[in-house]
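**Student:** First the structure, which I've put down as structure tokens, then a few questions once you've had a look.
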Protein chains: 4
Amino acid sequence: MIRAGIVGATGYAGAEVVRILSGHPEVKIKALTSSQYVGMPFDAVYPSMTGFVNLTCTEYILEEITETCDIVFVSLPHKLPMQIVPGLLGKGKRVIDLSADFRFKNPAAYESVYQEHSAKELLQDAVYGLCEIYADSIRGSTLIGNPGCYPTSALLPLIPLVREKLLDMTSIIVDSKSGVSGAGRSPSLKTHSCETAESFKAYNVGRHRHAPEMEEVLSTESGKPVRITFVPHLIPMSRGMFSTIYASTAEGVSSGAVRSCLTDYYRDKPFIRLRFDESQPPDTLHVRGTNYCDIGFKPDPERGRIILLSAIDNLVKGAAGQAVQCMNLMMGFKETDGLIHVPYPI
Amino acid sequence: MIRAGIVGATGYAGAEVVRILSGHPEVKIKALTSSQYVGMPFDAVYPSMTGFVNLTCTEYILEEITETCDIVFVSLPHKLPMQIVPGLLGKGKRVIDLSADFRFKNPAAYESVYQEHSAKELLQDAVYGLCEIYADSIRGSTLIGNPGCYPTSALLPLIPLVREKLLDMTSIIVDSKSGVSGAGRSPSLKTHSCETAESFKAYNVGRHRHAPEMEEVLSTESGKPVRITFVPHLIPMSRGMFSTIYASTAEGVSSGAVRSCLTDYYRDKPFIRLRFDESQPPDTLHVRGTNYCDIGFKPDPERGRIILLSAIDNLVKGAAGQAVQCMNLMMGFKETDGLIHVPYPI
Amino acid sequence: MIRAGIVGATGYAGAEVVRILSGHPEVKIKALTSSQYVGMPFDAVYPSMTGFVNLTCTEYILEEITETCDIVFVSLPHKLPMQIVPGLLGKGKRVIDLSADFRFKNPAAYESVYQEHSAKELLQDAVYGLCEIYADSIRGSTLIGNPGCYPTSALLPLIPLVREKLLDMTSIIVDSKSGVSGAGRSPSLKTHSCETAESFKAYNVGRHRHAPEMEEVLSTESGKPVRITFVPHLIPMSRGMFSTIYASTAEGVSSGAVRSCLTDYYRDKPFIRLRFDESQPPDTLHVRGTNYCDIGFKPDPERGRIILLSAIDNLVKGAAGQAVQCMNLMMGFKETDGLIHVPYPI
Amino acid sequence: MIRAGIVGATGYAGAEVVRILSGHPEVKIKALTSSQYVGMPFDAVYPSMTGFVNLTCTEYILEEITETCDIVFVSLPHKLPMQIVPGLLGKGKRVIDLSADFRFKNPAAYESVYQEHSAKELLQDAVYGLCEIYADSIRGSTLIGNPGCYPTSALLPLIPLVREKLLDMTSIIVDSKSGVSGAGRSPSLKTHSCETAESFKAYNVGRHRHAPEMEEVLSTESGKPVRITFVPHLIPMSRGMFSTIYASTAEGVSSGAVRSCLTDYYRDKPFIRLRFDESQPPDTLHVRGTNYCDIGFKPDPERGRIILLSAIDNLVKGAAGQAVQCMNLMMGFKETDGLIHVPYPI
């Protein structure tokens, strides 16, 4: 059994890490930190977990957490992780950071949408934790920059096609929709249930921080600078993320080639379910609470385009589940450990 | 006071026509027909309206309705209206049809996505009831094909730009999202609250019947055949429709020109609210229960694109409200009669 | 036209007062105060109202508001109103206070569940604004303590029966359920949409502040001290309140007598709809956005009890609508002015 | 491994049995029958389960199911089970019936609220499957009448108190609230998402079929005929049931005695969580997807009453989970087998 700590355990993503690790056969949770709930039993913050999690939330103290833990999940708002991750690594710990702080290779790209980076020297060694794409690098890593939820939902369907040069890289449009839990647990007007009910809207149109994250990965994969159009929207529901992706195929590429590429690439990946049959298209309800990414595909030959659809649970495959999947790869556990249970029918 | 009848009054769109006309200063409702609720008081079907609507639902009988009514709103599934509209017109009645049956000029386009048309001879004289665009034609008409909800939400932001030739017409992508009431009141698994809750999904990808409707209008407006990519999605909420529209600007067109075009075109239109300020973007919650179309705009200059956003209430501006607005124009009433009341804060 | 000011206009109840008065034929809104949004246009806080409300939020200054307004609606958290109402009255203004500060006759009862009262001398003259019960007193008043939402929903069905001595006053149990808007607009964990979705719970069991409010009124009406059991619950929806009330009938009272009493009492009250027919029981959806209280009744003769059901919109009949109804009575306007528009079918 | 069949596997309760058994360490599912989806893969009906359930739905044929299965879960509407259960028992199979058909000892009570019973001879041997109360009888049984969801939520808090004679049995009032999934998967207006949203209402007031079920059990436990007042309500959410129970204590009984009784009785029961601390009261969100019954308690000494609160997931503890718990007891498995996984934080 390895010993794990979760820093920022009482946010939604952190709490999902707690949930998953509590049922993980190879892990024992040893520390839960929370700036807001120090001294409070974790299950007083999340009463559903009474009987499963008996730890009390503590303050983050480097020495304490490194003494009790082998691996640390950092689930804090960006800017904070860069201040604590160097210390954790210095003590020889493995770190999976769920924020944006270690997702970028290029510090300038990070700084253009976040703020100054105080631990730039770690960026080259940090591995972008998109498991279905970068499993080999993840296996040997000590620091993971866990992908954002929007990038996960867009890159999983796109990257196999980009690698095979099937797409016109100037044509990519990602229209994404997220449940409210993506906005976090901190109360604000935008998460107030009376303001979200019956509300559907776009936000941060054309300037969301996840666009540069996607662009850096797509540029690396395609070998040249890529700019995409990305519009996120807010759905009046708790969990789930859906991306509808539009792209023109490269000259001479058939829709059959696109289909085959995805089928081949994802043949044996345990957390990808291809939903090409129109009678069962991707649906956030069908991935709720799971680590699946369900992917759909529809050619639009008259307009020379393809349409990709993807559904994930933003808190699981888009955050905590993928983080645990990264840990499984890093530690040599079974990739699916702790991440498979029968999904609910509704 | 003119006398109005609503055929198919107990569906959601029909009931909204009843609601609006019940508060209309120039109209008296004389007949409500319903195939399912014959003999039942209308307010037993919709108890919220107790005290406002005292009529009983009747069977549709041509002679009866033409005797008591001057204008007839037909709110039936497509294919049925084409069977009754000729009779109504033959009796000298004005007709506003909320189905697709009289929206197309080209019967082949209609028949390619619906079924054979049995009243083709009426298509040339029917007027497409998009009020902000075709007010002049609507004023002189006797038969209105009331636009679909998706086309309304997409065409209102697009047409001014198309008329000014500001867009690359091969580049249009319409990503639309609708509340569940768009699926109608007939119970089915897809409207079951346990199947819609926490569910967001695309449906009829690349083959929804509203695409040809939009394409016919856009082709007419641009003077050449236009094909668009259209993907509708279902939002887990009751009312509201949101369209996110992507297009490349035509050679040499600036985003400022796009902005000016919309500002100029919609300066005095009572039901259009331009929401170009990013702090107050279009939101379905802000148009709920109203006849407004709130329109947003964001240039995406690095990718050479513009992004248009629009929010409507699918049952009002997307159906019943627009139908009444058409009536107001046809009858020479004030365009806003019956359609203005202070919206709810939430 | 009278001139009205709303103090605390940007909370949900205040915003509903703004909505209703914006459409009121006899009123002109002259001032909107808000501690949080000073200097901000009201429609930037509530964008749905763009085009209807053009005022900017201001700080509360006694001299300014008394100069521009004849009547003031105070929609602030309890304890604040008692500090400003004396000043307003001193300037000869009429005041309708939506908080608890002027609902009690007995300051000790108020102080037992709120805090010390600094304007006790006004309590005897303040009138409890339950319009269907106290219309006569309201007509002559200058200060209204507008009833709480829970008391409104419980007292309207109960008081006619209490006056006729039809109930065993020791037996009353009020099981109430409220939509989330009742918790106000201030963001908190309990209004976070991810915490309310799929959540139904009781809160403040046996110690909610509205119980003493109900008990004081019921004691006055019955002529002896009454204690009730009251349990409020939170429903995962925005608007609406439902009370299920259990009581034993007094010795020898038949359920027919109960039925007749309610029917007689509410025969001509414009905002009460009796829903005794089981096929159309009270439902929050049917009163949403309206000033109605729909009341249902079911005898349970084998257990010697009756069951009363009531549905209101907590923000309208439970707050802003009733406040305007009070104003209508105070000012001699038509009781329904500004409060009647056709309800939505859904 | 025992072999299980689920008859009526595509309703919500049936599908939950499928979900739970798919993860059960001692069970192999061998047959899924469905009248509506014969020949369709189960995961085409419930796509979330793709990868977990590979069976195809079949017609119910006695010989086939008895050949392949050792135990049969029957999840059909009442009246159908009584037609097939005798055949299953005749072949020596164990049967857990989720309908009302085998919940009553007294056929007249059943027939008064359902219809004629055609297998009355089985009622005496059938065991009412309320696991925390009747575990010993369940262990030796071959036929289980699985309790209704409302009775489960009410009887678990009540029975320990009834057995200890702590309550005035004439005083019990059960005010229950259920999520929409309790109405089943068959589409109908009452489950339409536009009709349930923002709707809270009581239904079948004073005449719900679950009242006699509760009354029979309470009468048996108390040794004399008991009549309760029971009002069920519909909550606009998918899963979850909440009961608020009011009762007077018996002469001389203190609230401390009530508290101790529940604490003692439920000390080691794995699926009961006592939530007496007011800061963490029972909440449907906290039991969602689990087999827990969370129970709260609040004395109301001034009125001589107690208030009991209970929260369950209507499809799990209220149906499928309790059915599997019964199976575990019948078969000598660990009581919690298949029923424990870490609950979601939200």
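So you can find residues: chains in the structure tokens are A, B, ... in the order shown, residues in each start at 1, and ligands are numbered from 1 in order.
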Should the cut-off be 7 Å, what would the residue list for chain D against chain B look like, counting only C-alpha atoms, as a list in words?
**Tutor:**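 Matching residues, ligands excluded from the count: Val180, Ser181, Pro187, Ser188, Leu189, Thr191, His192, Ser193, Cys194 and Ser238 of chain D.
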**Student:** Print the selection's residues with N, CA and C atoms to a file, as a PDB file, in the first residue's frame.
**Tutor:**
```
ATOM      1  N   VAL D 180     -38.655  11.807  -8.619  1.00  0.00           N
ATOM      2  CA  VAL D 180     -39.517  11.391  -9.720  1.00  0.00           C
ATOM      3  C   VAL D 180     -39.303   9.938 -10.129  1.00  0.00           C
ATOM      4  N   SER D 181     -38.120   9.396  -9.899  1.00  0.00           N
ATOM      5  CA  SER D 181     -37.877   8.018 -10.338  1.00  0.00           C
ATOM      6  C   SER D 181     -38.829   7.046  -9.665  1.00  0.00           C
ATOM      7  N   PRO D 187     -43.028   6.646 -19.686  1.00  0.00           N
ATOM      8  CA  PRO D 187     -43.281   8.073 -19.875  1.00  0.00           C
ATOM      9  C   PRO D 187     -44.736   8.426 -19.576  1.00  0.00           C
ATOM     10  N   SER D 188     -44.932   9.519 -18.909  1.00  0.00           N
ATOM     11  CA  SER D 188     -46.269  10.018 -18.643  1.00  0.00           C
ATOM     12  C   SER D 188     -46.135  11.491 -18.338  1.00  0.00           C
ATOM     13  N   LEU D 189     -47.264  12.186 -18.342  1.00  0.00           N
ATOM     14  CA  LEU D 189     -47.196  13.618 -18.105  1.00  0.00           C
ATOM     15  C   LEU D 189     -46.577  13.907 -16.745  1.00  0.00           C
ATOM     16  N   THR D 191     -44.206  12.510 -15.256  1.00  0.00           N
ATOM     17  CA  THR D 191     -42.751  12.423 -15.197  1.00  0.00           C
ATOM     18  C   THR D 191     -42.076  13.314 -16.247  1.00  0.00           C
ATOM     19  N   HIS D 192     -42.865  14.049 -17.018  1.00  0.00           N
ATOM     20  CA  HIS D 192     -42.306  14.947 -18.046  1.00  0.00           C
ATOM     21  C   HIS D 192     -41.480  16.027 -17.346  1.00  0.00           C
ATOM     22  N   SER D 193     -40.297  16.242 -17.829  1.00  0.00           N
ATOM     23  CA  SER D 193     -39.405  17.146 -17.094  1.00  0.00           C
ATOM     24  C   SER D 193     -39.944  18.568 -17.029  1.00  0.00           C
ATOM     25  N   CYS D 194     -40.731  18.992 -18.003  1.00  0.00           N
ATOM     26  CA  CYS D 194     -41.286  20.354 -17.950  1.00  0.00           C
ATOM     27  C   CYS D 194     -42.453  20.463 -16.978  1.00  0.00           C
ATOM     28  N   SER D 238     -34.405  13.469  -9.293  1.00  0.00           N
ATOM     29  CA  SER D 238     -34.489  12.099  -9.799  1.00  0.00           C
ATOM     30  C   SER D 238     -34.611  11.063  -8.695  1.00  0.00           C
TER      31      SER D 238
END
```
**Student:** Run DSSP on the backbone and grab whatever in range 34-191 of chain A lands in strand (DSSP E); send it over as a VMD selection string.
**Tutor:** chain A and resid 71 to 74 94 to 97 127 to 128 143 to 145 173 to 178
**Student:** Give me, as a ChimeraX atom specification, all polymer residues having an atom no more than 6 Å from range 293-304 of chain A, counting only C-alpha atoms and skipping those fewer than 6 positions away in the same chain.
**Tutor:** /A:248,255,272-276,282,310-312
**Student:** Limited to N, CA and C atoms, could you put the picked residues into a file as a CSV table (one decimal), in the first residue's frame?
**Tutor:**
```csv
chain,number,residue,atom,x,y,z
A,248,SER,N,-12.4,20.8,-40.5
A,248,SER,CA,-12.4,20.4,-41.8
A,248,SER,C,-11.3,19.3,-42.0
A,255,SER,N,-14.0,10.5,-44.6
A,255,SER,CA,-14.5,10.3,-43.3
A,255,SER,C,-14.2,8.9,-42.8
A,272,ILE,N,-12.1,4.6,-22.8
A,272,ILE,CA,-12.7,5.3,-23.9
A,272,ILE,C,-13.8,4.3,-24.5
A,273,ARG,N,-15.0,4.9,-24.6
A,273,ARG,CA,-16.0,4.1,-25.3
A,273,ARG,C,-16.4,4.9,-26.6
A,274,LEU,N,-16.2,4.3,-27.7
A,274,LEU,CA,-16.6,4.9,-29.0
A,274,LEU,C,-18.1,4.8,-29.1
A,275,ARG,N,-18.8,5.9,-29.4
A,275,ARG,CA,-20.2,5.9,-29.5
A,275,ARG,C,-20.6,6.4,-30.9
A,276,PHE,N,-20.2,5.6,-31.9
A,276,PHE,CA,-20.4,6.1,-33.3
A,276,PHE,C,-21.8,5.7,-33.8
A,282,PRO,N,-23.0,10.0,-27.5
A,282,PRO,CA,-22.4,10.3,-26.1
A,282,PRO,C,-23.4,11.2,-25.4
A,310,SER,N,-17.8,14.6,-27.5
A,310,SER,CA,-17.3,13.8,-26.4
A,310,SER,C,-18.0,14.2,-25.1
A,311,ALA,N,-18.2,13.2,-24.3
A,311,ALA,CA,-18.8,13.4,-23.0
A,311,ALA,C,-17.9,12.8,-21.9
A,312,ILE,N,-17.7,13.6,-20.9
A,312,ILE,CA,-17.0,13.1,-19.7
A,312,ILE,C,-17.7,13.7,-18.4
```
**Student:** Which residues come within 10 Å of Gly140 in chain D, counting only C-alpha atoms, excluding same-chain residues fewer than 3 positions away, as a list in words?
**Tutor:**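 Listed by chain and then number, they are Val127, Ala135, Asp136, Ser137, Leu143, Leu329, Met330, Met331 and Gly332 of chain D.
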**Student:** Just the residues within 8 Å of Val162 in chain C, please, counting only C-alpha atoms, with nothing from its chain fewer than 6 positions along; format it as a ChimeraX atom specification.
**Tutor:** /C:169,218,221-222
**Student:** I need the residues from that last selection saved to file as a PDB file, in the first residue's frame (with N, CA, C and O atoms), if you can.
**Tutor:**
```pdb
ATOM      1  N   MET C 169     -56.791  23.241  18.755  1.00  0.00           N
ATOM      2  CA  MET C 169     -55.623  24.111  18.581  1.00  0.00           C
ATOM      3  C   MET C 169     -54.321  23.514  19.111  1.00  0.00           C
ATOM      4  O   MET C 169     -53.252  24.051  18.889  1.00  0.00           O
ATOM      5  N   LEU C 218     -51.888  33.006  15.503  1.00  0.00           N
ATOM      6  CA  LEU C 218     -52.898  32.000  15.838  1.00  0.00           C
ATOM      7  C   LEU C 218     -53.413  32.181  17.267  1.00  0.00           C
ATOM      8  O   LEU C 218     -54.591  31.955  17.541  1.00  0.00           O
ATOM      9  N   GLU C 221     -55.858  35.022  17.170  1.00  0.00           N
ATOM     10  CA  GLU C 221     -57.107  34.639  16.504  1.00  0.00           C
ATOM     11  C   GLU C 221     -57.933  33.672  17.341  1.00  0.00           C
ATOM     12  O   GLU C 221     -59.160  33.688  17.278  1.00  0.00           O
ATOM     13  N   SER C 222     -57.256  32.814  18.117  1.00  0.00           N
ATOM     14  CA  SER C 222     -58.022  31.811  18.863  1.00  0.00           C
ATOM     15  C   SER C 222     -58.304  32.270  20.283  1.00  0.00           C
ATOM     16  O   SER C 222     -59.085  31.638  20.995  1.00  0.00           O
TER      17      SER C 222
END
```
**Student:** With only C-alpha atoms as the counted atoms, please give the residues lying no more than 10 Å from Leu158 in chain B, apart from itself and same-chain residues fewer than 6 positions off, as a PyMOL selection string.
**Tutor:** chain B and resi 152+166-167+172+218+245+247+262+308
**Student:** Within 9 Å of Pro77 in chain A, counting only C-alpha atoms, which residues show up once you throw out same-chain ones fewer than 5 positions away? Write them as JSON, numbers by chain, please.
**Tutor:** {"A": [8, 98, 99, 100]}
**Student:** What separation in Å, quoted to one decimal, exists between CA of Ser48 in chain A and CA of Arg288 in chain D?
**Tutor:**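 A separation of 8.2 Å between them.
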**Student:** Suppose you want the space between CA of Thr68 in chain A and CA of Arg94 in chain A; what is it in Å?
**Tutor:**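 Rounded to one decimal, the two atoms are 12.9 Å apart.
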**Student:** If I take CA of Leu89 in chain D and CA of Tyr114 in chain D, how far is one from the other in Å, to one decimal?
**Tutor:** 22.6 Å
**Student:** When DSSP is applied to the backbone of this structure, which of range 77-137 of chain D are assigned alpha helix (DSSP H)? Write them out as JSON, numbers by chain.
**Tutor:** {"D": [81, 82, 83, 84, 85, 86, 87, 88, 89, 90, 107, 108, 109, 110, 111, 112, 113, 131, 132, 133, 134, 135, 136, 137]}
**Student:** Quick one: of B:Ile2, B:Leu285, B:Ala109, B:Ile306, who's nearest to Gly256 in chain B, counting only C-alpha atoms?
**Tutor:** B:Ile306
**Student:** Which of these, B:Gly206, B:Gly39, B:Gly129, B:Pro86, has the shortest distance to Cys326 in chain B once you count only C-alpha atoms?
**Tutor:** B:Gly129
